[in-house]
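Engineer: Pasting a structure here, questions to come.
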Amino acid sequence: MSGVASLRIDIVTLFPDMFSGPFAESMVRRSLERGIAEIQIVPLRPFGVGVHRITDDYPYGGGVGMLMRPEPVVEAVEWCLAHDPRPARVLITAARGRPLGQRWLEELAGAGHLVIVAGHYEGIDERVIDILQAEELSLGPFVLTGGEIPAMALVDGVVRLLPGVLGAESGSRDDSFSGDERLVEGPQYTRPPRYRGVPVPEALLSGDHARIKEWRQQAARRSTERWQRMAADESQGV
């Protein structure tokens, strides 16, 4: 594939080596090899303040832990923005951020340029968000050591939606949370037809396409209802 990649992703991080393994496998690797996506890992440390390249400091007003300073992050993101003329979406991983979901992934897959800042320490100076007009994202109501894993999840979820990445062009449309109803996929089966006494549902073996489609729709609705109950229990602390 020639020309400019359909999506450029810059990831600003204090721990660039964390990304080498995950991005060298599976769909992300395929998208890079085909020139569909371009991923640049941008170490934050060289943008640090002073001779010691400081990237964090104590929070004003006191508190536990350190905060990421604004200067390194803003300057690193501006460096990324200067290397692609297309309008960019700037995203920062944060526990308080918008939960990452399939609709948002589909929206981001249509962007030409994404800049992701992997948050760390106890958070980031609020002025970074104000100056860069950044969007905050979260994987859910839990806390991780840093934002590198959420950044990886975002990249994986977005890249697989790009045209030409999946083997079957309809593949992403059939995923959980995709399509008009946004259903979770129901149970799926492969050979053998019976394993340790447990059979594959007879409808799937019938060869009747209408019957198979109906079974899958009903199973997907049951799985969706179950997922919704689990999500509600989590949000209520059950």
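We name chains A, B, ... following the order of the structure tokens; residues begin at 1 in each chain, and ligands are numbered from 1 as shown.
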Counting only C-alpha atoms, which residues in segment 26-53 of chain A sit no more than 12 Å from segment 83-92 of chain A? For each one, give the nearest pair of atoms and the distance in Å, sorted by chain then residue number, as JSON lines.

Structural biologist:
```
{"residue": "A:Glu38", "atom": "CA", "partner": "A:Asp84", "partner_atom": "CA", "distance": 11.2}
{"residue": "A:Gln40", "atom": "CA", "partner": "A:His83", "partner_atom": "CA", "distance": 10.6}
{"residue": "A:Val42", "atom": "CA", "partner": "A:His83", "partner_atom": "CA", "distance": 12.0}
```

Engineer: Would you kindly return, as a list of chain:residue names, each protein, DNA or RNA residue with an atom no farther than 9 Å from any atom of Gly186 of chain A, considering only C-alpha atoms and excluding same-chain residues fewer than 2 positions away?

Structural biologist: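 Result of the neighbour search: A:Ser176, A:Leu183, A:Val184, A:Gln188, A:Arg216, A:Gln217, A:Gln218, A:Ala219, A:Ala220, A:Arg221, A:Arg222, A:Ser223, A:Thr224.
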
Engineer: Could you take the residues named above and write them with N, CA and C atoms, as a JSON list (two decimals), in the first residue's frame?

Structural biologist:
```
[["chain", "number", "residue", "atom", "x", "y", "z"],
["A", 176, "SER", "N", -19.35, -8.02, 18.87],
["A", 176, "SER", "CA", -20.16, -7.56, 19.99],
["A", 176, "SER", "C", -20.19, -6.04, 20.02],
["A", 183, "LEU", "N", -25.70, -5.61, 20.14],
["A", 183, "LEU", "CA", -25.82, -6.78, 20.98],
["A", 183, "LEU", "C", -24.45, -7.40, 21.26],
["A", 184, "VAL", "N", -24.36, -8.09, 22.41],
["A", 184, "VAL", "CA", -23.20, -8.91, 22.70],
["A", 184, "VAL", "C", -23.34, -10.22, 21.94],
["A", 188, "GLN", "N", -20.74, -19.51, 20.76],
["A", 188, "GLN", "CA", -20.37, -20.04, 19.45],
["A", 188, "GLN", "C", -19.74, -21.42, 19.61],
["A", 216, "ARG", "N", -29.21, -17.48, 16.64],
["A", 216, "ARG", "CA", -28.12, -16.58, 17.01],
["A", 216, "ARG", "C", -28.63, -15.25, 17.53],
["A", 217, "GLN", "N", -29.70, -14.73, 16.94],
["A", 217, "GLN", "CA", -30.27, -13.47, 17.42],
["A", 217, "GLN", "C", -30.81, -13.62, 18.84],
["A", 218, "GLN", "N", -31.53, -14.71, 19.09],
["A", 218, "GLN", "CA", -32.06, -14.93, 20.42],
["A", 218, "GLN", "C", -30.94, -15.15, 21.44],
["A", 219, "ALA", "N", -29.91, -15.90, 21.05],
["A", 219, "ALA", "CA", -28.78, -16.14, 21.96],
["A", 219, "ALA", "C", -28.04, -14.84, 22.25],
["A", 220, "ALA", "N", -27.90, -13.98, 21.23],
["A", 220, "ALA", "CA", -27.23, -12.69, 21.42],
["A", 220, "ALA", "C", -28.02, -11.80, 22.38],
["A", 221, "ARG", "N", -29.33, -11.82, 22.26],
["A", 221, "ARG", "CA", -30.15, -11.01, 23.18],
["A", 221, "ARG", "C", -30.02, -11.52, 24.61],
["A", 222, "ARG", "N", -29.99, -12.84, 24.78],
["A", 222, "ARG", "CA", -29.82, -13.39, 26.13],
["A", 222, "ARG", "C", -28.45, -13.02, 26.70],
["A", 223, "SER", "N", -27.42, -13.09, 25.85],
["A", 223, "SER", "CA", -26.07, -12.71, 26.31],
["A", 223, "SER", "C", -26.00, -11.22, 26.65],
["A", 224, "THR", "N", -26.70, -10.42, 25.87],
["A", 224, "THR", "CA", -26.71, -8.97, 26.13],
["A", 224, "THR", "C", -27.40, -8.67, 27.45]]
```

Engineer: Calculated over only C-alpha atoms, which of the candidates A:Trp215, A:Leu205, A:Gly237, A:Phe47 has the smallest distance to Pro187 of chain A?

Structural biologist: A:Trp215

Engineer: Run DSSP on the backbone and tell me which residues of chain A come out as helix (DSSP H, G or I); list them as a PyMOL selection string.

Structural biologist: chain A and resi 16-19+22-24+26-33+45-47+70-82+102-109+126-132+148-159+172-174+202-205+209-235

Engineer: Name all residues at most 6 Å from segment 143-155 of chain A (count only C-alpha atoms; drop same-chain ones fewer than 3 positions away) and give them as a list in words.

Structural biologist: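 Counting only C-alpha atoms, the residues come to Thr93, Ala118, Gly119, His120, Val158 and Val159 of chain A.
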
Engineer: Would you save the residues of that selection, restricted to N, CA and C atoms, as a PDB file, in the first residue's frame?

Structural biologist:
```
ATOM      1  N   THR A  93      -5.286   9.116  28.906  1.00  0.00           N
ATOM      2  CA  THR A  93      -5.845   8.060  29.747  1.00  0.00           C
ATOM      3  C   THR A  93      -5.963   8.565  31.178  1.00  0.00           C
ATOM      4  N   ALA A 118      -0.301   8.554  27.589  1.00  0.00           N
ATOM      5  CA  ALA A 118      -0.460   7.551  28.635  1.00  0.00           C
ATOM      6  C   ALA A 118      -0.187   8.211  29.984  1.00  0.00           C
ATOM      7  N   GLY A 119      -1.226   8.411  30.759  1.00  0.00           N
ATOM      8  CA  GLY A 119      -1.087   9.048  32.054  1.00  0.00           C
ATOM      9  C   GLY A 119      -0.296   8.181  33.026  1.00  0.00           C
ATOM     10  N   HIS A 120       0.234   8.831  34.059  1.00  0.00           N
ATOM     11  CA  HIS A 120       0.993   8.090  35.065  1.00  0.00           C
ATOM     12  C   HIS A 120       0.961   8.848  36.377  1.00  0.00           C
ATOM     13  N   VAL A 158      -9.219   0.344  17.728  1.00  0.00           N
ATOM     14  CA  VAL A 158      -9.386   1.249  16.591  1.00  0.00           C
ATOM     15  C   VAL A 158      -8.819   0.637  15.309  1.00  0.00           C
ATOM     16  N   VAL A 159      -7.607   0.085  15.404  1.00  0.00           N
ATOM     17  CA  VAL A 159      -6.913  -0.394  14.205  1.00  0.00           C
ATOM     18  C   VAL A 159      -7.684  -1.499  13.510  1.00  0.00           C
TER      19      VAL A 159
END
```

Engineer: Could you give me, as a count of residues only, the residues within 12 Å of segment 124-131 of chain A, counting only C-alpha atoms and dropping anything in the same chain fewer than 3 positions from it?

Structural biologist: 39

Engineer: Interatomic distance between atom CA of Leu166 of chain A and atom CA of Met27 of chain A?

Structural biologist: 7.3 Å

Engineer: What parts of segment 4-145 of chain A does DSSP call strand (DSSP E or B)? I'd like the answer as number ranges by chain.

Structural biologist: A: 7-13, 37-43, 49, 54, 56-57, 67-68, 88-99, 113-117, 124, 135-138

Engineer: For the residues in that selection, give me N, CA and C atoms as a short mmCIF file (atom, residue, chain, number, x, y, z; two decimals), in the first residue's frame.

Structural biologist:
```cif
data_model
loop_
_atom_site.label_atom_id
_atom_site.label_comp_id
_atom_site.auth_asym_id
_atom_site.auth_seq_id
_atom_site.Cartn_x
_atom_site.Cartn_y
_atom_site.Cartn_z
N LEU A 7 -4.51 6.17 9.03
CA LEU A 7 -4.54 6.63 10.41
C LEU A 7 -3.14 6.66 10.99
N ARG A 8 -2.76 7.81 11.54
CA ARG A 8 -1.51 7.93 12.27
C ARG A 8 -1.84 8.00 13.76
N ILE A 9 -1.12 7.21 14.55
CA ILE A 9 -1.31 7.21 15.99
C ILE A 9 0.03 7.51 16.66
N ASP A 10 0.07 8.57 17.44
CA ASP A 10 1.23 8.89 18.26
C ASP A 10 0.89 8.57 19.71
N ILE A 11 1.79 7.90 20.40
CA ILE A 11 1.58 7.56 21.80
C ILE A 11 2.70 8.17 22.62
N VAL A 12 2.35 9.10 23.49
CA VAL A 12 3.31 9.76 24.36
C VAL A 12 3.35 8.99 25.68
N THR A 13 4.54 8.51 26.06
CA THR A 13 4.62 7.62 27.22
C THR A 13 5.97 7.74 27.93
N ALA A 37 -2.06 1.71 8.91
CA ALA A 37 -1.87 2.55 10.08
C ALA A 37 -0.39 2.83 10.27
N GLU A 38 -0.11 3.93 10.92
CA GLU A 38 1.27 4.29 11.29
C GLU A 38 1.26 4.60 12.78
N ILE A 39 2.14 3.96 13.54
CA ILE A 39 2.19 4.16 14.98
C ILE A 39 3.57 4.66 15.37
N GLN A 40 3.59 5.76 16.07
CA GLN A 40 4.84 6.34 16.54
C GLN A 40 4.82 6.38 18.07
N ILE A 41 5.79 5.74 18.70
CA ILE A 41 5.92 5.78 20.16
C ILE A 41 6.84 6.95 20.50
N VAL A 42 6.32 7.88 21.28
CA VAL A 42 7.05 9.12 21.59
C VAL A 42 7.43 9.12 23.07
N PRO A 43 8.70 8.89 23.40
CA PRO A 43 9.12 8.92 24.81
C PRO A 43 8.94 10.32 25.39
N VAL A 49 11.77 18.65 32.00
CA VAL A 49 12.24 19.99 32.39
C VAL A 49 13.66 19.91 32.97
N ILE A 54 12.96 16.35 34.18
CA ILE A 54 11.91 16.06 35.16
C ILE A 54 10.54 16.09 34.48
N ASP A 56 7.63 15.07 36.51
CA ASP A 56 6.60 15.06 37.55
C ASP A 56 6.98 16.02 38.67
N ASP A 57 6.01 16.33 39.52
CA ASP A 57 6.26 17.22 40.66
C ASP A 57 5.14 17.04 41.67
N LEU A 67 2.33 14.40 40.36
CA LEU A 67 1.55 14.70 39.16
C LEU A 67 2.48 14.89 37.98
N MET A 68 2.01 14.57 36.80
CA MET A 68 2.77 14.85 35.58
C MET A 68 2.75 16.36 35.34
N ALA A 88 -6.15 16.51 14.50
CA ALA A 88 -5.89 15.39 15.41
C ALA A 88 -6.84 15.40 16.58
N ARG A 89 -7.10 14.22 17.10
CA ARG A 89 -7.81 14.06 18.38
C ARG A 89 -6.75 13.72 19.42
N VAL A 90 -6.72 14.50 20.50
CA VAL A 90 -5.78 14.26 21.58
C VAL A 90 -6.52 13.56 22.72
N LEU A 91 -6.03 12.40 23.14
CA LEU A 91 -6.67 11.61 24.17
C LEU A 91 -5.70 11.35 25.30
N ILE A 92 -6.19 11.47 26.53
CA ILE A 92 -5.37 11.22 27.71
C ILE A 92 -6.04 10.13 28.54
N THR A 93 -5.29 9.12 28.91
CA THR A 93 -5.85 8.06 29.75
C THR A 93 -5.96 8.56 31.18
N ALA A 94 -7.11 8.34 31.78
CA ALA A 94 -7.37 8.82 33.14
C ALA A 94 -8.51 8.01 33.74
N ALA A 95 -8.41 7.70 35.02
CA ALA A 95 -9.45 6.91 35.68
C ALA A 95 -10.82 7.59 35.60
N ARG A 96 -10.83 8.93 35.58
CA ARG A 96 -12.10 9.66 35.56
C ARG A 96 -12.63 9.86 34.14
N GLY A 97 -11.93 9.34 33.15
CA GLY A 97 -12.28 9.59 31.77
C GLY A 97 -13.54 8.87 31.30
N ARG A 98 -13.95 9.22 30.10
CA ARG A 98 -15.10 8.57 29.47
C ARG A 98 -14.78 7.10 29.22
N PRO A 99 -15.65 6.18 29.64
CA PRO A 99 -15.39 4.76 29.40
C PRO A 99 -15.30 4.47 27.91
N HIS A 113 -5.71 11.30 12.55
CA HIS A 113 -4.55 11.39 13.44
C HIS A 113 -5.04 11.34 14.89
N LEU A 114 -4.48 10.42 15.66
CA LEU A 114 -4.76 10.32 17.09
C LEU A 114 -3.46 10.51 17.85
N VAL A 115 -3.51 11.32 18.90
CA VAL A 115 -2.38 11.46 19.81
C VAL A 115 -2.86 11.00 21.18
N ILE A 116 -2.24 9.96 21.70
CA ILE A 116 -2.64 9.37 22.97
C ILE A 116 -1.55 9.63 24.01
N VAL A 117 -1.93 10.21 25.12
CA VAL A 117 -1.00 10.43 26.22
C VAL A 117 -1.29 9.38 27.30
N ILE A 124 -2.46 14.09 36.08
CA ILE A 124 -1.80 15.03 35.18
C ILE A 124 -2.31 16.44 35.49
N GLU A 135 -9.33 14.92 25.26
CA GLU A 135 -10.41 14.06 25.74
C GLU A 135 -9.80 13.01 26.67
N GLU A 136 -10.46 12.74 27.79
CA GLU A 136 -9.97 11.74 28.73
C GLU A 136 -10.71 10.43 28.53
N LEU A 137 -9.99 9.34 28.57
CA LEU A 137 -10.61 8.03 28.37
C LEU A 137 -10.20 7.08 29.48
N SER A 138 -11.08 6.13 29.76
CA SER A 138 -10.85 5.12 30.79
C SER A 138 -11.32 3.78 30.26
#
```

Engineer: Would you mind listing what lies within 12 Å of Gly35 of chain A as a list in words, with only C-alpha atoms counted and same-chain residues fewer than 5 positions away left out?

Structural biologist: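 After dropping sequence-adjacent residues, the list is Met1, Ser2, Gly3, Val4, Ala5, Ser6, Leu7, Arg8, Val28, Arg29, Arg30, Val159, Leu162, Pro163, Gly164 and Val165 of chain A.
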